[in-house]
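Below: query_7.csv (CSV, C-alpha atoms and all ligand atoms)
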```
chain,number,residue,atom,x,y,z
H,727,MET,CA,9.4,-28.7,-82.2
H,728,GLU,CA,12.1,-28.5,-79.5
H,729,TYR,CA,13.5,-25.2,-78.2
H,730,THR,CA,15.7,-24.2,-75.3
H,731,ASN,CA,13.3,-21.5,-73.9
H,732,LEU,CA,9.9,-22.2,-75.6
H,733,LEU,CA,7.3,-24.7,-74.9
H,734,THR,CA,4.8,-25.6,-77.6
H,735,GLU,CA,1.5,-27.4,-77.8
H,736,TYR,CA,-0.3,-28.0,-81.0
H,737,ASN,CA,-4.0,-28.9,-81.1
H,738,ASP,CA,-6.7,-28.5,-83.7
H,739,GLY,CA,-4.7,-26.0,-85.8
H,740,ILE,CA,-3.9,-23.7,-82.8
H,741,LEU,CA,-0.2,-23.5,-81.6
H,742,VAL,CA,0.3,-22.4,-78.1
H,743,VAL,CA,3.8,-21.1,-77.5
H,744,THR,CA,5.0,-20.4,-74.0
H,745,ILE,CA,8.1,-18.4,-73.3
H,746,ASN,CA,9.6,-20.5,-70.5
H,747,ARG,CA,12.1,-18.6,-68.4
H,748,PRO,CA,9.9,-17.8,-65.3
H,749,LYS,CA,12.8,-17.3,-62.9
H,750,ALA,CA,13.9,-14.3,-65.1
H,751,LEU,CA,10.2,-13.3,-65.7
H,752,ASN,CA,10.6,-14.7,-69.2
H,753,ALA,CA,13.1,-11.9,-70.2
H,754,LEU,CA,14.1,-12.1,-73.9
H,755,ASN,CA,17.7,-13.2,-74.0
H,756,LYS,CA,19.5,-14.0,-77.2
H,757,GLN,CA,18.5,-17.7,-77.1
H,758,THR,CA,14.8,-16.9,-76.6
H,759,LEU,CA,14.9,-14.5,-79.6
H,760,SER,CA,16.6,-17.2,-81.7
H,761,ASP,CA,14.0,-19.7,-80.6
H,762,LEU,CA,11.2,-17.3,-81.7
H,763,ARG,CA,13.0,-16.7,-85.0
H,764,ASP,CA,13.2,-20.5,-85.7
H,765,LEU,CA,9.6,-21.0,-84.7
H,766,PHE,CA,8.1,-18.2,-86.8
H,767,GLU,CA,10.5,-18.3,-89.8
H,768,LYS,CA,10.6,-22.1,-90.2
H,769,ASP,CA,9.0,-24.6,-87.9
H,770,ALA,CA,5.5,-23.1,-87.7
H,771,LEU,CA,5.4,-22.8,-91.5
H,772,ARG,CA,5.7,-26.6,-91.7
H,773,LEU,CA,2.7,-27.3,-89.4
H,774,GLU,CA,-0.1,-29.0,-91.3
H,775,GLY,CA,-3.4,-27.0,-90.9
H,776,LEU,CA,-2.0,-24.2,-88.7
H,777,ARG,CA,-4.8,-21.6,-88.1
H,778,GLY,CA,-3.5,-19.5,-85.3
H,779,VAL,CA,-0.8,-18.9,-82.6
H,780,VAL,CA,-1.2,-18.0,-79.0
H,781,LEU,CA,1.9,-16.5,-77.4
H,782,THR,CA,2.2,-16.4,-73.6
H,783,GLY,CA,4.6,-16.5,-70.7
H,784,ALA,CA,5.3,-19.2,-68.1
H,785,GLY,CA,4.7,-18.6,-64.4
H,786,GLU,CA,2.3,-16.5,-62.5
H,787,LYS,CA,4.0,-13.1,-62.8
H,788,ALA,CA,5.0,-12.2,-66.3
H,789,PHE,CA,4.3,-12.4,-70.0
H,790,VAL,CA,7.8,-11.0,-70.7
H,791,ALA,CA,9.6,-8.5,-68.5
H,792,GLY,CA,11.7,-7.1,-71.4
H,793,ALA,CA,15.0,-7.7,-73.0
H,794,ASP,CA,17.3,-9.6,-70.7
H,795,ILE,CA,19.2,-6.9,-68.9
H,796,THR,CA,21.9,-9.3,-67.8
H,797,GLU,CA,23.1,-9.4,-71.4
H,798,PHE,CA,23.5,-5.6,-71.7
H,799,ASN,CA,27.0,-5.7,-70.1
H,800,GLY,CA,29.5,-4.4,-72.6
H,801,LEU,CA,27.0,-3.6,-75.2
H,802,ASP,CA,28.4,-0.9,-77.6
H,803,ALA,CA,26.7,1.1,-80.3
H,804,GLN,CA,27.5,-1.5,-82.9
H,805,GLY,CA,26.1,-4.2,-80.7
H,806,GLY,CA,23.0,-2.0,-80.0
H,807,LEU,CA,22.4,-1.7,-83.7
H,808,HIS,CA,22.6,-5.4,-84.2
H,809,MET,CA,20.4,-6.1,-81.2
H,810,ALA,CA,17.7,-3.7,-82.2
H,811,GLN,CA,17.7,-4.8,-85.9
H,812,ASN,CA,17.5,-8.5,-84.8
H,813,GLY,CA,14.5,-7.8,-82.6
H,814,HIS,CA,12.9,-5.7,-85.4
H,815,ASP,CA,13.3,-8.5,-87.9
H,816,ILE,CA,11.7,-11.1,-85.6
H,817,PHE,CA,8.9,-8.9,-84.5
H,818,PHE,CA,8.1,-7.9,-88.1
H,819,THR,CA,8.0,-11.6,-89.0
H,820,ILE,CA,5.4,-12.1,-86.2
H,821,GLU,CA,3.4,-9.0,-87.3
H,822,ARG,CA,3.4,-10.2,-90.9
H,823,PHE,CA,2.7,-13.8,-90.1
H,824,HIS,CA,0.0,-15.4,-92.3
H,825,VAL,CA,-2.2,-16.6,-89.5
H,826,PRO,CA,-3.3,-14.5,-86.5
H,827,VAL,CA,-1.0,-14.4,-83.5
H,828,VAL,CA,-2.7,-13.5,-80.2
H,829,ALA,CA,-0.7,-12.5,-77.1
H,830,ALA,CA,-2.1,-13.9,-73.9
H,831,VAL,CA,-0.7,-11.5,-71.3
H,832,GLY,CA,-1.0,-12.8,-67.7
H,833,GLY,CA,1.4,-10.4,-65.9
H,834,TYR,CA,4.2,-8.0,-66.7
H,835,ALA,CA,4.6,-7.0,-70.4
H,836,LEU,CA,7.4,-4.5,-70.1
H,837,GLY,CA,10.0,-3.1,-72.5
H,838,GLY,CA,10.7,-5.8,-75.1
H,839,GLY,CA,7.7,-7.8,-73.6
H,840,CYS,CA,5.3,-5.0,-74.3
H,841,GLU,CA,6.9,-4.7,-77.8
H,842,LEU,CA,6.4,-8.4,-78.4
H,843,ALA,CA,2.8,-8.2,-77.3
H,844,MET,CA,2.3,-5.2,-79.7
H,845,ALA,CA,3.8,-7.1,-82.6
H,846,CYS,CA,1.0,-9.7,-82.2
H,847,HIS,CA,-2.2,-9.1,-83.9
H,848,ILE,CA,-4.5,-9.2,-80.9
H,849,ARG,CA,-3.8,-8.8,-77.1
H,850,VAL,CA,-5.8,-10.6,-74.4
H,851,ALA,CA,-4.9,-9.4,-70.9
H,852,SER,CA,-5.6,-11.1,-67.6
H,853,ASP,CA,-6.7,-8.8,-64.7
H,854,LYS,CA,-3.1,-9.1,-63.4
H,855,ALA,CA,-1.5,-7.8,-66.6
H,856,VAL,CA,0.8,-4.7,-66.5
H,857,PHE,CA,2.0,-3.0,-69.6
H,858,GLY,CA,4.9,-0.5,-69.9
H,859,GLN,CA,8.0,0.7,-71.6
H,860,PRO,CA,10.4,1.5,-68.7
H,861,GLU,CA,13.5,1.7,-70.9
H,862,VAL,CA,14.3,5.3,-69.8
H,863,ASN,CA,14.9,4.0,-66.3
H,864,LEU,CA,17.9,2.2,-67.8
H,865,GLY,CA,19.0,5.1,-69.9
H,866,LEU,CA,17.6,3.6,-73.1
H,867,ILE,CA,14.8,3.9,-75.5
H,868,PRO,CA,12.7,0.9,-76.7
H,869,GLY,CA,14.6,-1.0,-79.3
H,870,TYR,CA,12.1,-3.6,-80.6
H,871,GLY,CA,9.5,-1.2,-82.1
H,872,GLY,CA,8.0,0.3,-79.0
H,873,THR,CA,8.2,3.9,-80.0
H,874,GLN,CA,6.3,3.1,-83.2
H,875,ARG,CA,3.7,0.5,-82.3
H,876,LEU,CA,2.7,2.1,-78.9
H,877,VAL,CA,1.8,5.3,-80.9
H,878,GLN,CA,-0.2,3.2,-83.3
H,879,TYR,CA,-2.3,1.6,-80.5
H,880,ILE,CA,-2.8,4.3,-77.9
H,881,GLY,CA,-1.9,7.6,-79.8
H,882,LYS,CA,1.0,10.0,-79.7
H,883,GLY,CA,0.2,11.9,-76.4
H,884,ARG,CA,-0.4,8.8,-74.3
H,885,ALA,CA,2.5,7.0,-75.8
H,886,LEU,CA,5.0,9.9,-75.3
H,887,GLU,CA,3.8,10.2,-71.6
H,888,LEU,CA,4.3,6.4,-71.0
H,889,LEU,CA,7.6,6.3,-72.8
H,890,MET,CA,9.0,9.3,-70.9
H,891,THR,CA,7.6,8.7,-67.4
H,892,ALA,CA,8.2,4.9,-67.6
H,893,ASP,CA,4.8,4.6,-66.0
H,894,MET,CA,3.1,1.2,-66.2
H,895,ILE,CA,-0.6,0.7,-66.9
H,896,ASP,CA,-2.9,-2.0,-65.6
H,897,ALA,CA,-5.2,-4.3,-67.7
H,898,SER,CA,-8.3,-2.1,-67.4
H,899,LYS,CA,-6.4,1.0,-68.6
H,900,ALA,CA,-4.8,-1.1,-71.4
H,901,LEU,CA,-8.4,-2.1,-72.4
H,902,ASP,CA,-9.6,1.5,-72.2
H,903,TRP,CA,-6.8,2.8,-74.3
H,904,GLY,CA,-7.1,0.0,-77.0
H,905,LEU,CA,-3.8,-1.8,-76.2
H,906,ALA,CA,-5.7,-4.9,-75.1
H,907,THR,CA,-9.1,-5.9,-76.6
H,908,HIS,CA,-10.2,-8.2,-73.7
H,909,VAL,CA,-9.5,-8.5,-69.9
H,910,VAL,CA,-10.3,-11.9,-68.4
H,911,PRO,CA,-9.8,-13.3,-64.9
H,912,HIS,CA,-6.1,-14.3,-64.3
H,913,GLY,CA,-5.4,-17.8,-65.7
H,914,GLU,CA,-8.1,-17.6,-68.4
H,915,GLU,CA,-6.1,-15.6,-70.9
H,916,VAL,CA,-4.8,-18.5,-73.0
H,917,GLU,CA,-8.3,-20.0,-73.1
H,918,LYS,CA,-9.8,-16.7,-74.3
H,919,ALA,CA,-7.0,-16.2,-76.9
H,920,THR,CA,-7.7,-19.7,-78.2
H,921,ALA,CA,-11.4,-19.1,-78.4
H,922,ILE,CA,-10.8,-16.0,-80.5
H,923,LEU,CA,-8.5,-18.0,-82.8
H,924,LYS,CA,-11.1,-20.8,-83.1
H,925,LYS,CA,-13.6,-18.3,-84.2
H,926,ILE,CA,-11.2,-16.9,-86.9
H,927,ALA,CA,-10.3,-20.4,-87.9
H,928,LYS,CA,-13.9,-20.8,-89.3
H,929,LYS,CA,-13.3,-18.1,-91.8
H,930,ALA,CA,-11.5,-18.4,-95.2
H,931,PRO,CA,-7.7,-18.7,-94.5
H,932,ILE,CA,-6.6,-16.7,-97.5
H,933,ALA,CA,-9.0,-13.9,-96.6
H,934,ILE,CA,-7.5,-13.9,-93.1
H,935,ALA,CA,-3.9,-13.7,-94.4
H,936,LYS,CA,-4.8,-10.9,-96.8
H,937,THR,CA,-6.6,-9.0,-94.0
H,938,ILE,CA,-3.4,-9.1,-91.9
H,939,ALA,CA,-1.4,-7.9,-95.0
H,940,ALA,CA,-3.9,-5.1,-95.8
H,941,VAL,CA,-4.0,-3.8,-92.3
H,942,ASN,CA,-0.2,-3.9,-92.0
H,943,ALA,CA,0.0,-1.8,-95.2
H,944,CYS,CA,-1.7,1.0,-93.3
H,945,PHE,CA,1.5,1.4,-91.3
H,946,ASP,CA,4.0,0.7,-94.1
H,947,ASN,CA,5.6,3.9,-95.5
H,948,GLU,CA,6.8,2.0,-98.6
H,949,VAL,CA,3.3,1.3,-99.9
H,950,ASP,CA,-0.1,3.0,-100.3
H,951,GLY,CA,-2.5,1.0,-98.1
H,952,PHE,CA,-5.5,1.7,-100.2
H,953,ASN,CA,-3.7,0.5,-103.3
H,954,GLN,CA,-2.6,-2.6,-101.4
H,955,GLU,CA,-6.2,-3.2,-100.4
H,956,VAL,CA,-7.3,-3.1,-104.1
H,957,LEU,CA,-4.6,-5.7,-105.0
H,958,LEU,CA,-5.3,-7.9,-102.1
H,959,PHE,CA,-9.0,-7.8,-102.6
H,960,ALA,CA,-8.4,-9.0,-106.2
H,961,GLN,CA,-6.4,-11.9,-104.9
H,962,THR,CA,-9.2,-13.0,-102.7
H,963,VAL,CA,-11.7,-12.8,-105.5
H,964,LYS,CA,-9.8,-15.4,-107.5
H,965,THR,CA,-9.9,-18.0,-104.7
H,966,ASP,CA,-12.1,-21.1,-104.5
H,967,ASP,CA,-13.0,-20.0,-101.0
H,968,PHE,CA,-14.6,-16.8,-102.4
H,969,LYS,CA,-16.8,-18.9,-104.8
H,970,GLU,CA,-17.7,-21.2,-101.9
H,971,GLY,CA,-18.5,-18.4,-99.5
H,972,ALA,CA,-20.7,-16.5,-101.9
H,973,THR,CA,-22.4,-19.7,-103.1
H,974,ALA,CA,-23.0,-20.9,-99.5
H,975,PHE,CA,-24.6,-17.5,-98.7
H,976,ILE,CA,-27.0,-17.8,-101.7
H,977,GLU,CA,-27.8,-21.5,-100.8
H,978,LYS,CA,-28.4,-20.5,-97.1
H,979,ARG,CA,-25.8,-22.9,-95.8
H,980,LYS,CA,-22.5,-22.7,-93.9
H,981,ALA,CA,-19.4,-22.3,-96.1
H,982,ASP,CA,-16.9,-25.1,-96.2
H,983,PHE,CA,-13.6,-23.2,-96.8
H,984,LYS,CA,-10.6,-25.2,-98.0
H,985,GLY,CA,-8.0,-22.4,-98.0
H,986,LYS,CA,-7.6,-22.4,-101.8
O,1,LIG,N1,16.1,-9.0,-67.6
O,1,LIG,C1,16.7,-9.9,-66.8
O,1,LIG,N2,16.2,-10.4,-65.6
O,1,LIG,C2,15.0,-9.9,-65.3
O,1,LIG,C3,14.3,-8.9,-66.0
O,1,LIG,C4,14.9,-8.5,-67.2
O,1,LIG,N3,14.3,-7.6,-68.0
O,1,LIG,N4,13.2,-8.6,-65.3
O,1,LIG,C5,13.2,-9.4,-64.2
O,1,LIG,N5,14.3,-10.1,-64.1
O,1,LIG,C6,14.7,-11.0,-63.1
O,1,LIG,C7,15.2,-10.3,-61.8
O,1,LIG,O1,16.5,-9.9,-61.9
O,1,LIG,C8,15.0,-11.4,-60.8
O,1,LIG,O2,16.0,-12.3,-60.9
O,1,LIG,P1,16.7,-12.8,-59.5
O,1,LIG,O3,15.6,-13.6,-58.8
O,1,LIG,O4,17.8,-13.7,-60.0
O,1,LIG,O5,17.1,-11.7,-58.7
O,1,LIG,C9,13.7,-12.1,-61.3
O,1,LIG,O6,13.6,-11.8,-62.7
O,1,LIG,C10,12.4,-11.6,-60.6
O,1,LIG,O7,12.4,-10.2,-60.7
O,1,LIG,P2,12.2,-9.2,-59.5
O,1,LIG,O8,12.8,-9.8,-58.2
O,1,LIG,O9,12.7,-7.9,-59.9
O,1,LIG,O10,10.6,-9.2,-59.4
O,1,LIG,P3,9.7,-8.0,-58.8
O,1,LIG,O11,8.3,-8.6,-58.7
O,1,LIG,O12,10.3,-7.4,-57.6
O,1,LIG,O13,9.7,-6.9,-60.0
O,1,LIG,C11,9.6,-6.1,-62.2
O,1,LIG,C12,9.2,-7.2,-61.2
O,1,LIG,C13,8.9,-4.8,-61.9
O,1,LIG,C14,9.1,-6.6,-63.6
O,1,LIG,C15,11.1,-6.0,-62.2
O,1,LIG,O14,11.7,-7.3,-62.3
O,1,LIG,C16,11.6,-5.1,-63.3
O,1,LIG,O15,11.6,-3.9,-63.3
O,1,LIG,N6,12.2,-5.7,-64.4
O,1,LIG,C17,12.9,-5.0,-65.5
O,1,LIG,C18,11.8,-4.5,-66.4
O,1,LIG,C19,12.5,-3.6,-67.5
O,1,LIG,O16,13.2,-2.7,-67.3
O,1,LIG,N7,12.3,-4.1,-68.8
O,1,LIG,C20,12.8,-3.4,-69.9
O,1,LIG,C21,14.1,-4.1,-70.3
O,1,LIG,S1,15.0,-3.2,-71.5
O,1,LIG,C22,14.3,-3.5,-73.0
O,1,LIG,O17,13.3,-4.3,-73.1
O,1,LIG,C23,14.8,-2.9,-74.2
O,1,LIG,C24,14.1,-3.1,-75.5
O,1,LIG,O18,13.2,-2.4,-75.8
O,1,LIG,C25,14.6,-4.1,-76.4
```
As structure tokens, the full file:
Amino acid sequence: MEYTNLLTEYNDGILVVTINRPKALNALNKQTLSDLRDLFEKDALRLEGLRGVVLTGAGEKAFVAGADITEFNGLDAQGGLHMAQNGHDIFFTIERFHVPVVAAVGGYALGGGCELAMACHIRVASDKAVFGQPEVNLGLIPGYGGTQRLVQYIGKGRALELLMTADMIDASKALDWGLATHVVPHGEEVEKATAILKKIAKKAPIAIAKTIAAVNACFDNEVDGFNQEVLLFAQTVKTDDFKEGATAFIEKRKADFKGK
């Protein structure tokens, strides 16, 4: 797996993906988005035994400081539509990914960077993490799902205030407001994210994939989330892993899930 702006490391079913543009605080330029699309739409699907992805940023200062502002020059309404739709498509692919994706946020997660972290299933922050949607400072609104997912995580009132003031929040406030689920000392965020994924990797893979799909259905206007849960529950009932899990419980032993 070779990319212009991503580094990858694959061990024991966990893929660590590092966005690698530290001089630009890992800003999401077109190439980086294209790399992320290739990774999540194609390359990661071919990895044998993949059980989770950690997404992080290179350098000491940033997860991702937003869309790359140097590429905004000459952007017109048509270009804006294309840019936002492209970001939405990639971020939905991440949100709907079949294995959990954990953002390990060790610095600025601003604009498109906060939106990328929010498209992940879980966010682990270091004590130097900073979250915000400062687009109004540029005369913009968020274009990669920020107006929707921020409301989902922190509620309408707090989201509207952050979106309109462009205020940034630190890791402890992000934890308090439910945007992050863990705060760890700076430098330990990838390790913590990996530990969470290793815990999840012990569970039945199909049940994990269906959990992600069922929770996403809660925020999908096209489907009834409760109906989706019924359908997805039935799909887990027909798996070998369900038989193994229930049998192992009765036999008082650890289940040996095969992902079938
Ligand atoms: N795009 C391009 N380059 C960026 C960038 C971005 N989003 N953020 C930082 N950089 C670059 C800076 O231009 C600078 O480059 P040079 O060294 O070549 O000058 C380098 O990264 C380091 O940044 P600073 O010197 O500014 O570092 P700082 O510590 O003084 O400030 C910061 C850090 C507060 C994050 C500041 O860089 C900043 O405000 N960045 C912009 C954040 C932002 O507005 N993000 C939203 C972008 S719009 C968006 O994302 C739209 C969307 O929803 C899709």
Using all atoms listed in the file, what are the residues with an atom within 6 Å of ligand LIG 1 (chain O), set out as a list in words?
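Listing the residues within 6 Å of ligand LIG 1 (chain O) gives Lys749, Ala750, Leu751, Ala753, Ala791, Gly792, Ala793, Asp794, Ile795, Thr796, Tyr834, Leu836, Gly837, Gly838, Pro860, Glu861, Pro868, Gly869 and Tyr870 of chain H.
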Residue among H:Ala939, H:Val780, H:Asp769, H:Thr819 lying closest to H:Glu735, counting all atoms listed in the file
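Between H:Ala939, H:Val780, H:Asp769, H:Thr819, the residue approaching H:Glu735 most closely is H:Val780.
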Could you give me, as a PyMOL selection string, the residues within 12 Å of stretch 951-957 of chain H, counting all atoms listed in the file and dropping anything in the same chain fewer than 3 positions from it?
chain H and resi 933+936-948+960-964
Point out the residue among H:Leu759, H:Glu728, H:Glu914, H:Lys924 with the least atom-to-atom distance to H:His814, counting all atoms listed in the file.
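Closest candidate: H:Leu759.
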Identify the residues within 12 Å of coordinate (1.1, 3.4, -83.2) (same frame as the file), considering only C-alpha atoms, and give the answer as a count of residues only.
26
Between H:Ile820, H:Leu754, H:Ile740, H:Ala930, which residue has the minimum interatomic distance to H:Glu970, considering all atoms listed in the file?
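Residue with the minimum atom-to-atom distance to H:Glu970: H:Ala930.
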Considering only C-alpha atoms, state which residue in the set H:Pro911, H:Leu889, H:Val742, H:Ala972 is at the smallest distance from H:Cys840.
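With only C-alpha atoms as the atom set, the closest residue is H:Leu889.
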Which residue gives the smallest distance to H:Val831 among H:Gln811, H:Thr744, H:Gln804, H:Asn755, with all atoms listed in the file counted?
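Of all the options, H:Thr744 lies closest to H:Val831.
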Would you pick out the contacts of H:Ala897 at 9 Å or less, using only C-alpha atoms, so that residues sharing its chain but fewer than 2 positions from it are not included, and give the list as number ranges by chain?
H: 851-857, 895, 899-902, 905-906, 908-909
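For the choices H:Gly805, H:Gly913, H:Gly865, H:Gly785, the atom-to-atom distance to H:Met890 is smallest for H:Gly865 when using only C-alpha atoms.
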Separating atom CA of H:His824 from atom CA of H:Ala981, to the nearest tenth of an Å, is a gap of 20.9 Å
Which residues are near H:Val779? Cut-off 12 Å, all atoms listed in the file, ignore same chain within fewer than 3 positions. Put them as a PyMOL selection string.
chain H and resi 734-744+765-766+770-771+773+775-776+782+820-821+823-830+846-849+916+919-924+926-927
